[in-house]
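For reference, coords-v8.cif is printed below; it contains mmCIF, C-alpha atoms.
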data_query
#
loop_
_atom_site.label_atom_id
_atom_site.label_comp_id
_atom_site.auth_asym_id
_atom_site.auth_seq_id
_atom_site.Cartn_x
_atom_site.Cartn_y
_atom_site.Cartn_z
CA MET A 673 25.92 -7.14 -16.93
CA ASP A 674 24.63 -8.08 -13.51
CA THR A 675 21.59 -5.89 -12.99
CA GLN A 676 20.55 -7.51 -9.72
CA LEU A 677 20.70 -5.40 -6.58
CA ASP A 678 22.77 -6.53 -3.59
CA LEU A 679 21.67 -9.60 -1.70
CA TRP A 680 20.56 -9.39 1.95
CA GLU A 681 19.81 -12.20 4.40
CA VAL A 682 16.52 -11.89 6.28
CA PHE A 683 15.88 -13.00 9.87
CA ILE A 684 12.37 -12.92 11.27
CA GLN A 685 11.34 -12.99 14.91
CA SER A 686 7.93 -14.61 15.12
CA LYS A 687 7.04 -13.19 18.53
CA ILE A 688 8.71 -10.95 21.07
CA GLY A 689 11.33 -12.89 23.03
CA ALA A 690 11.81 -15.57 20.36
CA HIS A 691 14.97 -16.00 18.30
CA HIS A 692 15.33 -14.30 14.96
CA VAL A 693 15.25 -17.18 12.49
CA HIS A 694 16.63 -17.10 8.98
CA ALA A 695 13.73 -16.77 6.54
CA GLY A 696 15.48 -16.31 3.20
CA SER A 697 17.03 -13.47 1.24
CA VAL A 698 15.99 -10.39 -0.72
CA HIS A 699 17.57 -8.03 -3.22
CA ALA A 700 17.87 -4.38 -2.26
CA SER A 701 20.05 -1.34 -2.92
CA ASP A 702 20.16 -0.11 0.67
CA ALA A 703 19.27 -1.14 4.22
CA GLN A 704 15.87 0.57 4.28
CA MET A 705 14.85 -1.07 1.01
CA ALA A 706 16.06 -4.42 2.33
CA LEU A 707 13.88 -4.03 5.45
CA GLN A 708 10.83 -3.04 3.39
CA ASN A 709 11.36 -5.84 0.87
CA ALA A 710 11.80 -8.33 3.71
CA ARG A 711 8.58 -7.06 5.27
CA ASP A 712 6.70 -7.41 1.98
CA THR A 713 8.23 -10.77 1.08
CA TYR A 714 8.25 -12.64 4.39
CA THR A 715 5.73 -11.12 6.82
CA ARG A 716 2.62 -10.75 4.66
CA ARG A 717 0.77 -13.42 6.59
CA ASN A 718 1.47 -12.05 10.01
CA GLU A 719 4.64 -14.10 10.57
CA GLY A 720 6.73 -11.44 12.24
CA SER A 721 7.19 -9.04 15.11
CA SER A 722 10.72 -7.95 14.22
CA ILE A 723 13.05 -8.19 11.21
CA TRP A 724 16.84 -8.18 10.85
CA VAL A 725 18.50 -7.74 7.48
CA ILE A 726 22.20 -8.33 6.99
CA PRO A 727 24.24 -7.94 3.77
CA SER A 728 24.92 -11.46 2.51
CA LYS A 729 28.52 -10.53 1.78
CA PHE A 730 29.17 -10.40 5.53
CA VAL A 731 28.16 -14.01 6.04
CA THR A 732 31.07 -16.41 6.35
CA ALA A 733 29.97 -19.92 5.51
CA SER A 734 31.59 -23.29 6.16
CA THR A 735 32.28 -25.33 3.04
CA SER A 736 31.37 -28.91 2.27
CA ASP A 737 35.12 -29.67 2.38
CA ASP A 738 35.06 -28.82 6.08
CA ALA A 739 32.12 -31.10 6.80
CA ASP A 740 34.18 -34.13 7.88
CA MET A 741 36.37 -32.12 10.21
CA PHE A 742 33.55 -29.98 11.59
CA PHE A 743 30.68 -32.35 12.07
CA GLU A 744 31.84 -35.96 11.87
CA PRO A 745 33.47 -36.02 15.34
CA ALA A 746 30.11 -35.31 17.01
CA ASN A 747 28.45 -38.35 15.50
CA ASP A 748 29.55 -41.04 18.00
CA LYS A 749 29.36 -38.98 21.19
CA ILE A 750 25.92 -39.79 22.35
CA TYR A 751 26.82 -38.75 25.91
CA ARG A 752 26.71 -35.14 24.77
CA HIS A 753 22.95 -35.44 24.51
CA PRO A 754 21.21 -34.92 27.84
CA THR A 755 19.30 -38.18 27.55
CA PHE A 756 20.64 -39.86 30.71
CA TYR A 757 18.60 -37.85 33.15
CA VAL A 758 15.19 -38.50 34.59
CA MET A 759 12.93 -35.58 33.74
CA PRO A 760 11.90 -33.77 36.93
CA GLU A 761 8.18 -33.87 37.33
CA GLY A 762 6.43 -30.72 36.14
CA ALA A 763 9.34 -29.50 34.04
CA LYS A 764 8.00 -28.54 30.66
CA GLN A 765 11.15 -27.45 28.90
CA ILE A 766 14.70 -28.52 29.56
CA MET B 430 -28.82 12.39 11.99
CA VAL B 431 -26.89 13.13 8.84
CA ASN B 432 -28.39 13.02 5.37
CA GLN B 433 -28.16 9.34 4.43
CA SER B 434 -27.82 9.89 0.69
CA ASP B 435 -24.91 12.28 1.29
CA LEU B 436 -23.32 9.70 3.57
CA PHE B 437 -23.89 6.98 0.95
CA LYS B 438 -22.20 9.06 -1.73
CA TYR B 439 -19.26 9.89 0.53
CA LEU B 440 -18.75 6.21 1.40
CA LEU B 441 -18.81 5.36 -2.31
CA HIS B 442 -16.22 8.10 -2.81
CA LEU B 443 -13.91 6.62 -0.17
CA GLY B 444 -14.51 3.07 -1.40
CA ASP B 445 -14.08 3.95 -5.08
CA ASN B 446 -10.80 5.77 -4.46
CA ALA B 447 -9.39 2.64 -2.83
CA LEU B 448 -10.92 0.23 -5.36
CA ILE B 449 -9.71 2.02 -8.49
CA HIS B 450 -6.30 2.77 -6.99
CA SER B 451 -6.00 -0.89 -6.03
CA TYR B 452 -6.91 -2.00 -9.54
CA ARG B 453 -4.19 0.16 -11.09
CA LEU B 454 -1.59 -1.02 -8.57
CA SER B 455 -2.47 -4.64 -9.22
CA GLU B 456 -1.64 -4.08 -12.90
CA TRP B 457 2.00 -4.10 -11.75
CA CYS B 458 1.69 -7.76 -10.85
CA SER B 459 4.45 -9.61 -12.78
CA ARG B 460 5.60 -6.32 -14.38
CA ALA B 461 7.49 -4.54 -11.57
CA PRO B 462 11.23 -3.83 -11.98
CA PHE B 463 12.14 -6.82 -9.81
CA LEU B 464 10.51 -9.56 -7.79
CA GLU B 465 10.56 -7.92 -4.35
CA GLU B 466 9.05 -4.70 -5.70
CA ASP B 467 6.41 -6.75 -7.48
CA LEU B 468 5.36 -8.13 -4.10
CA ALA B 469 5.55 -4.68 -2.52
CA LEU B 470 3.26 -3.02 -5.07
CA THR B 471 0.70 -5.80 -5.04
CA ASN B 472 0.80 -5.71 -1.23
CA LEU B 473 -0.17 -2.06 -1.40
CA ALA B 474 -2.97 -3.05 -3.79
CA LEU B 475 -4.25 -5.62 -1.30
CA ASP B 476 -4.33 -3.02 1.49
CA GLN B 477 -6.41 -0.78 -0.76
CA ILE B 478 -8.82 -3.53 -1.72
CA GLY B 479 -9.38 -4.29 1.96
CA ARG B 480 -10.25 -0.66 2.52
CA ALA B 481 -12.51 -0.59 -0.55
CA GLN B 482 -14.34 -3.64 0.75
CA SER B 483 -14.92 -2.07 4.17
CA PHE B 484 -16.22 1.24 2.83
CA LEU B 485 -18.38 -0.26 0.07
CA LYS B 486 -19.88 -2.81 2.43
CA TYR B 487 -20.83 -0.01 4.81
CA ALA B 488 -22.15 2.03 1.86
CA GLY B 489 -24.43 -0.89 1.00
CA ASP B 490 -25.68 -1.02 4.62
CA ILE B 491 -26.42 2.71 4.61
CA GLU B 492 -28.22 2.54 1.27
CA GLY B 493 -30.46 -0.23 2.64
CA LYS B 494 -31.21 -1.88 -0.70
CA ASN B 495 -29.38 -5.11 0.06
CA ARG B 496 -26.52 -4.32 -2.26
CA THR B 497 -23.24 -5.97 -1.23
CA GLU B 498 -19.75 -4.55 -1.70
CA ASP B 499 -19.43 -6.78 -4.77
CA ASP B 500 -22.67 -5.43 -6.27
CA LEU B 501 -21.37 -1.90 -5.78
CA ALA B 502 -17.96 -2.71 -7.27
CA TYR B 503 -19.10 -4.73 -10.26
CA LYS B 504 -22.54 -3.44 -11.16
CA ARG B 505 -22.20 0.31 -11.32
CA GLY B 506 -21.42 2.27 -14.48
CA GLU B 507 -18.69 4.89 -14.64
CA ARG B 508 -21.08 7.80 -14.03
CA GLN B 509 -21.90 6.26 -10.65
CA PHE B 510 -18.25 6.13 -9.57
CA TYR B 511 -17.08 8.99 -7.36
CA ASN B 512 -13.32 8.42 -7.13
CA HIS B 513 -10.79 11.18 -7.66
CA LEU B 514 -9.59 11.11 -11.26
CA ILE B 515 -5.96 10.60 -10.24
CA ASN B 516 -6.77 7.04 -9.18
CA GLU B 517 -7.94 5.95 -12.64
CA LEU B 518 -4.92 7.24 -14.61
CA PRO B 519 -2.99 4.47 -16.38
CA ILE B 520 0.04 3.22 -14.43
CA GLY B 521 2.68 4.71 -16.75
CA ASP B 522 6.29 3.79 -15.96
CA PHE B 523 7.61 2.92 -12.52
CA ALA B 524 8.67 6.51 -11.73
CA TYR B 525 5.19 7.75 -12.69
CA THR B 526 3.60 5.22 -10.35
CA ILE B 527 5.94 6.29 -7.54
CA ALA B 528 5.04 9.96 -8.09
CA LYS B 529 1.36 9.00 -7.92
CA GLN B 530 1.96 6.90 -4.80
CA LEU B 531 3.66 9.81 -3.04
CA ILE B 532 0.84 12.22 -3.92
CA LEU B 533 -1.87 9.84 -2.75
CA SER B 534 -0.17 8.39 0.32
CA THR B 535 0.78 11.85 1.62
CA TYR B 536 -2.89 12.76 1.22
CA ASP B 537 -4.19 9.51 2.71
CA VAL B 538 -2.07 9.86 5.87
CA LEU B 539 -3.64 13.27 6.55
CA LEU B 540 -7.16 12.23 5.55
CA PHE B 541 -7.28 9.05 7.62
CA SER B 542 -5.65 10.75 10.61
CA ALA B 543 -8.55 13.19 10.52
CA LEU B 544 -11.20 10.56 9.81
CA SER B 545 -9.96 8.46 12.74
CA ASN B 546 -11.74 11.08 14.83
CA SER B 547 -14.95 10.97 12.81
CA THR B 548 -18.21 11.10 14.77
CA ASN B 549 -19.26 8.13 12.65
CA GLU B 550 -17.85 5.14 14.52
CA THR B 551 -17.59 2.85 11.49
CA ILE B 552 -15.71 5.44 9.45
CA ALA B 553 -13.44 6.12 12.44
CA ASN B 554 -12.64 2.42 12.84
CA ILE B 555 -11.93 1.77 9.16
CA SER B 556 -9.82 4.92 9.05
CA ALA B 557 -7.76 3.99 12.12
CA LYS B 558 -6.95 0.66 10.48
CA SER B 559 -6.20 2.30 7.13
CA LEU B 560 -3.93 4.85 8.76
CA LYS B 561 -1.43 2.14 9.74
CA GLU B 562 -1.39 0.89 6.17
CA VAL B 563 -1.05 4.25 4.45
CA ARG B 564 1.77 5.29 6.76
CA TYR B 565 3.71 2.39 5.26
CA HIS B 566 2.58 3.34 1.74
CA PHE B 567 4.01 6.80 2.37
CA VAL B 568 7.37 5.47 3.57
CA HIS B 569 7.57 3.14 0.57
CA ALA B 570 6.84 5.98 -1.89
CA ARG B 571 9.07 8.48 -0.06
CA ASP B 572 12.12 6.21 -0.08
CA TRP B 573 11.65 5.44 -3.77
CA CYS B 574 11.42 9.16 -4.51
CA TYR B 575 14.78 9.68 -2.81
CA ARG B 576 16.32 6.81 -4.77
CA LEU B 577 14.95 7.83 -8.16
CA GLY B 578 15.32 11.57 -7.62
CA LEU B 579 18.92 11.28 -6.44
CA GLY B 580 19.75 8.27 -8.62
CA THR B 581 20.85 8.65 -12.22
CA GLU B 582 20.07 11.49 -14.59
CA LEU B 583 17.50 9.25 -16.29
CA SER B 584 15.74 8.15 -13.09
CA HIS B 585 15.59 11.76 -11.94
CA GLN B 586 14.13 12.90 -15.25
CA LYS B 587 11.51 10.14 -15.27
CA LEU B 588 10.40 11.00 -11.73
CA GLN B 589 10.18 14.71 -12.54
CA ASN B 590 8.17 13.87 -15.70
CA GLY B 591 5.84 11.75 -13.59
CA PHE B 592 5.11 14.59 -11.18
CA ASN B 593 4.74 17.06 -14.07
CA GLU B 594 2.15 14.87 -15.79
CA ILE B 595 0.08 14.06 -12.72
CA TRP B 596 0.15 17.38 -10.91
CA MET B 597 -2.98 18.75 -12.62
CA PHE B 598 -4.95 15.95 -10.93
CA THR B 599 -3.98 17.00 -7.39
CA GLY B 600 -6.35 19.98 -7.14
CA GLU B 601 -9.37 17.73 -6.99
CA LEU B 602 -8.15 16.07 -3.78
CA PHE B 603 -9.08 19.23 -1.86
CA GLU B 604 -12.43 20.02 -3.47
CA THR B 605 -15.88 19.59 -1.97
CA ASP B 606 -19.41 19.70 -3.30
CA ASP B 607 -22.81 20.20 -1.68
CA SER B 608 -22.91 16.63 -0.39
CA TYR B 609 -20.08 17.50 2.05
CA LYS B 610 -21.91 20.29 3.90
CA ASP B 611 -24.05 18.19 6.19
CA LEU B 612 -21.29 15.63 6.77
CA VAL B 613 -18.73 18.28 7.73
CA ALA B 614 -21.21 20.08 9.98
CA ASN B 615 -21.87 16.81 11.82
CA GLY B 616 -18.20 15.89 12.16
CA VAL B 617 -18.53 12.80 9.96
CA THR B 618 -15.71 14.10 7.80
CA ILE B 619 -13.57 17.20 7.46
CA ASP B 620 -13.42 19.76 4.69
CA PRO B 621 -10.59 18.34 2.56
CA SER B 622 -9.42 21.85 1.67
CA SER B 623 -8.19 22.06 5.27
CA LEU B 624 -5.58 19.39 4.41
CA LYS B 625 -4.05 21.27 1.53
CA VAL B 626 -1.42 23.39 3.32
CA LYS B 627 -0.09 20.45 5.32
CA TRP B 628 -0.17 18.17 2.27
CA LEU B 629 1.85 20.63 0.17
CA GLU B 630 4.30 21.10 3.04
CA ASN B 631 4.82 17.34 3.54
CA ILE B 632 5.10 16.44 -0.13
CA SER B 633 7.33 19.43 -0.94
CA GLU B 634 9.75 18.31 1.76
CA VAL B 635 10.15 14.88 0.13
CA MET B 636 10.32 16.33 -3.39
CA LYS B 637 12.92 18.89 -2.36
CA LYS B 638 15.09 16.21 -0.76
CA SER B 639 14.73 14.21 -4.00
CA ASN B 640 15.85 17.20 -6.11
CA ILE B 641 12.42 17.34 -7.73
CA ILE B 642 10.75 20.64 -8.59
CA VAL B 643 7.15 21.09 -7.43
CA PRO B 644 5.29 21.71 -10.72
CA ASN B 645 3.47 24.96 -11.22
CA VAL B 646 0.14 24.18 -12.88
CA ASP B 647 -2.55 26.72 -13.70
CA TYR B 648 -5.34 24.35 -14.64
CA MET B 649 -6.54 21.55 -12.36
CA GLN B 650 -8.68 18.64 -13.58
CA SER B 651 -11.81 17.75 -11.66
CA GLY B 652 -15.06 15.82 -11.99
CA GLY B 653 -14.87 12.64 -9.90
CA MET B 654 -17.45 13.73 -7.31
CA LYS B 655 -19.85 14.51 -10.18
CA GLY B 656 -19.27 11.11 -11.75
CA ILE B 657 -17.51 12.73 -14.70
CA HIS B 658 -14.33 10.84 -15.45
CA THR B 659 -11.39 10.64 -17.80
CA GLU B 660 -11.61 8.27 -20.75
CA HIS B 661 -9.57 5.76 -18.75
CA LEU B 662 -12.19 4.74 -16.16
CA GLY B 663 -14.55 3.23 -18.73
CA HIS B 664 -11.78 1.01 -20.09
CA LEU B 665 -10.76 0.00 -16.57
CA LEU B 666 -14.33 -0.91 -15.60
CA SER B 667 -14.99 -2.84 -18.81
CA GLU B 668 -12.09 -5.08 -17.87
CA MET B 669 -12.76 -5.22 -14.12
CA GLN B 670 -16.49 -5.84 -14.48
CA TYR B 671 -16.34 -8.12 -17.52
CA LEU B 672 -17.12 -11.36 -15.73
CA GLN B 673 -20.14 -10.05 -13.81
CA ARG B 674 -21.47 -8.35 -16.94
CA ALA B 675 -21.03 -11.40 -19.19
CA TYR B 676 -22.17 -13.95 -16.59
CA PRO B 677 -24.42 -12.10 -14.12
CA ASN B 678 -24.21 -13.45 -10.56
CA ALA B 679 -21.46 -15.93 -11.51
CA LYS B 680 -19.83 -17.42 -8.44
CA TRP B 681 -16.76 -19.56 -7.98
#

Written as structure tokens, that's how I'd like the structure from this file.
Amino acid sequence: MDTQLDLWEVFIQSKIGAHHVHAGSVHASDAQMALQNARDTYTRRNEGSSIWVIPSKFVTASTSDDADMFFEPANDKIYRHPTFYVMPEGAKQI
Amino acid sequence: MVNQSDLFKYLLHLGDNALIHSYRLSEWCSRAPFLEEDLALTNLALDQIGRAQSFLKYAGDIEGKNRTEDDLAYKRGERQFYNHLINELPIGDFAYTIAKQLILSTYDVLLFSALSNSTNETIANISAKSLKEVRYHFVHARDWCYRLGLGTELSHQKLQNGFNEIWMFTGELFETDDSYKDLVANGVTIDPSSLKVKWLENISEVMKKSNIIVPNVDYMQSGGMKGIHTEHLGHLLSEMQYLQRAYPNAKW
């Protein structure tokens, strides 16, 4: 018998305005428990300012079979990288 | 100026509650129902130990005999501990621990809300910090009460049993002794009996929503403020203090 609770994916925002970044997953029986478990598992050392939890069953993932079709074509298209510009002076982030 | 020995005893009381509660919670380490809850319970224990450290350190300052928070934690016998008895009770099963957590966190939220306004600045500061922590402890315990109370027949029964067994230790939370008089008069603390109505209202609300009956107990246990404890504290201290007793002043 599978006695594990449902799996949830955890996304942590490190500071206000930043992206929520995938941190890992937790087991929980409901959304509130998932939030609390995520808080206790991933933000104990002051890593977070906001948490999202999402049931893992709602994640659709690409498969390794798709890898050639999905990612291979990007390999030889160096012109897609913005490396042919001169950085304007004083610009910190582009 | 308040009576310093009364203040010292009260700070030991606040520190000991947190220290002994923390020790019991930490016994869940590696034994909780599942990994995430293991982290959650030991997180609660760490919050408590932080609070114990703050209050015992300040107690040492007030006493003025150069005793540190570690001296006070590891080198006092059980008759010199002033925690409420409920904190020293063995952890029991998970439902029992959750019942205990709800009783204590409901109380702590009210106590530290009040102590945040203490005329003693150090107590007010520690309490304001603790309040944020115990509000989370309450939410954690409350949500588990809902889950266990409204879960299966077995989880409901275990939670009800937990409350039934512990309830006789709740009366002490609202008692005072002579050492309170001066402190209350000076606004250092409040008379804990003033928290009782609100405490019962708040905890009853959660218990009712969890389908749990509030036990009706005639006899309440008491003794912590006199240094008179259950048989369990001595065993706890013999384990907790072993290293300092066997190797005095050992450091690592």

Check: which chain B residues lie within 7 Å of chain A using all atoms listed in the file, as an MDAnalysis selection string = chainID B and resid 465 468:469 472

Could you save those same residues with C-alpha atoms as a PDB file, in the frame of the given file?
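The file below, selection.pdb, is the result:
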ATOM      1  CA  GLU B 465      10.560  -7.920  -4.350  1.00  0.00           C
ATOM      2  CA  LEU B 468       5.360  -8.130  -4.100  1.00  0.00           C
ATOM      3  CA  ALA B 469       5.550  -4.680  -2.520  1.00  0.00           C
ATOM      4  CA  ASN B 472       0.800  -5.710  -1.230  1.00  0.00           C
TER       5      ASN B 472
END

Could you tell me which residues the PyMOL selection byres ((chain B and resi 646-656) around 9) grabs in this file, written as a count of residues only?
-> 27

Explicit residues for the PyMOL selection byres ((chain B and resi 490-506) around 10) (as a ChimeraX atom specification) = /B:433-434,436-438,440-441,444-445,448-449,481-489,507-510,656,662-663,666-667,669-674,677-678

Starting from the shown file, work through the PyMOL selection byres ((chain B and resi 460) around 12) and note down what comes out as a list in words.
->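 On this input, the PyMOL selection byres ((chain B and resi 460) around 12) captures Leu454, Ser455, Glu456, Trp457, Cys458, Ser459, Ala461, Pro462, Phe463, Leu464, Glu465, Glu466, Asp467, Leu468, Ala469, Leu470, Thr471, Ile520, Gly521, Asp522 and Phe523 of chain B.
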
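Coordinates place atom CA of Ala690 of chain A at a distance of 28.6 Å from atom CA of Asn747 of chain A.
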
Selected residue, from A:Phe756, A:Phe683, A:Phe743, A:Tyr751, that lies nearest to Gly720 of chain A when counting all atoms listed in the file | A:Phe683
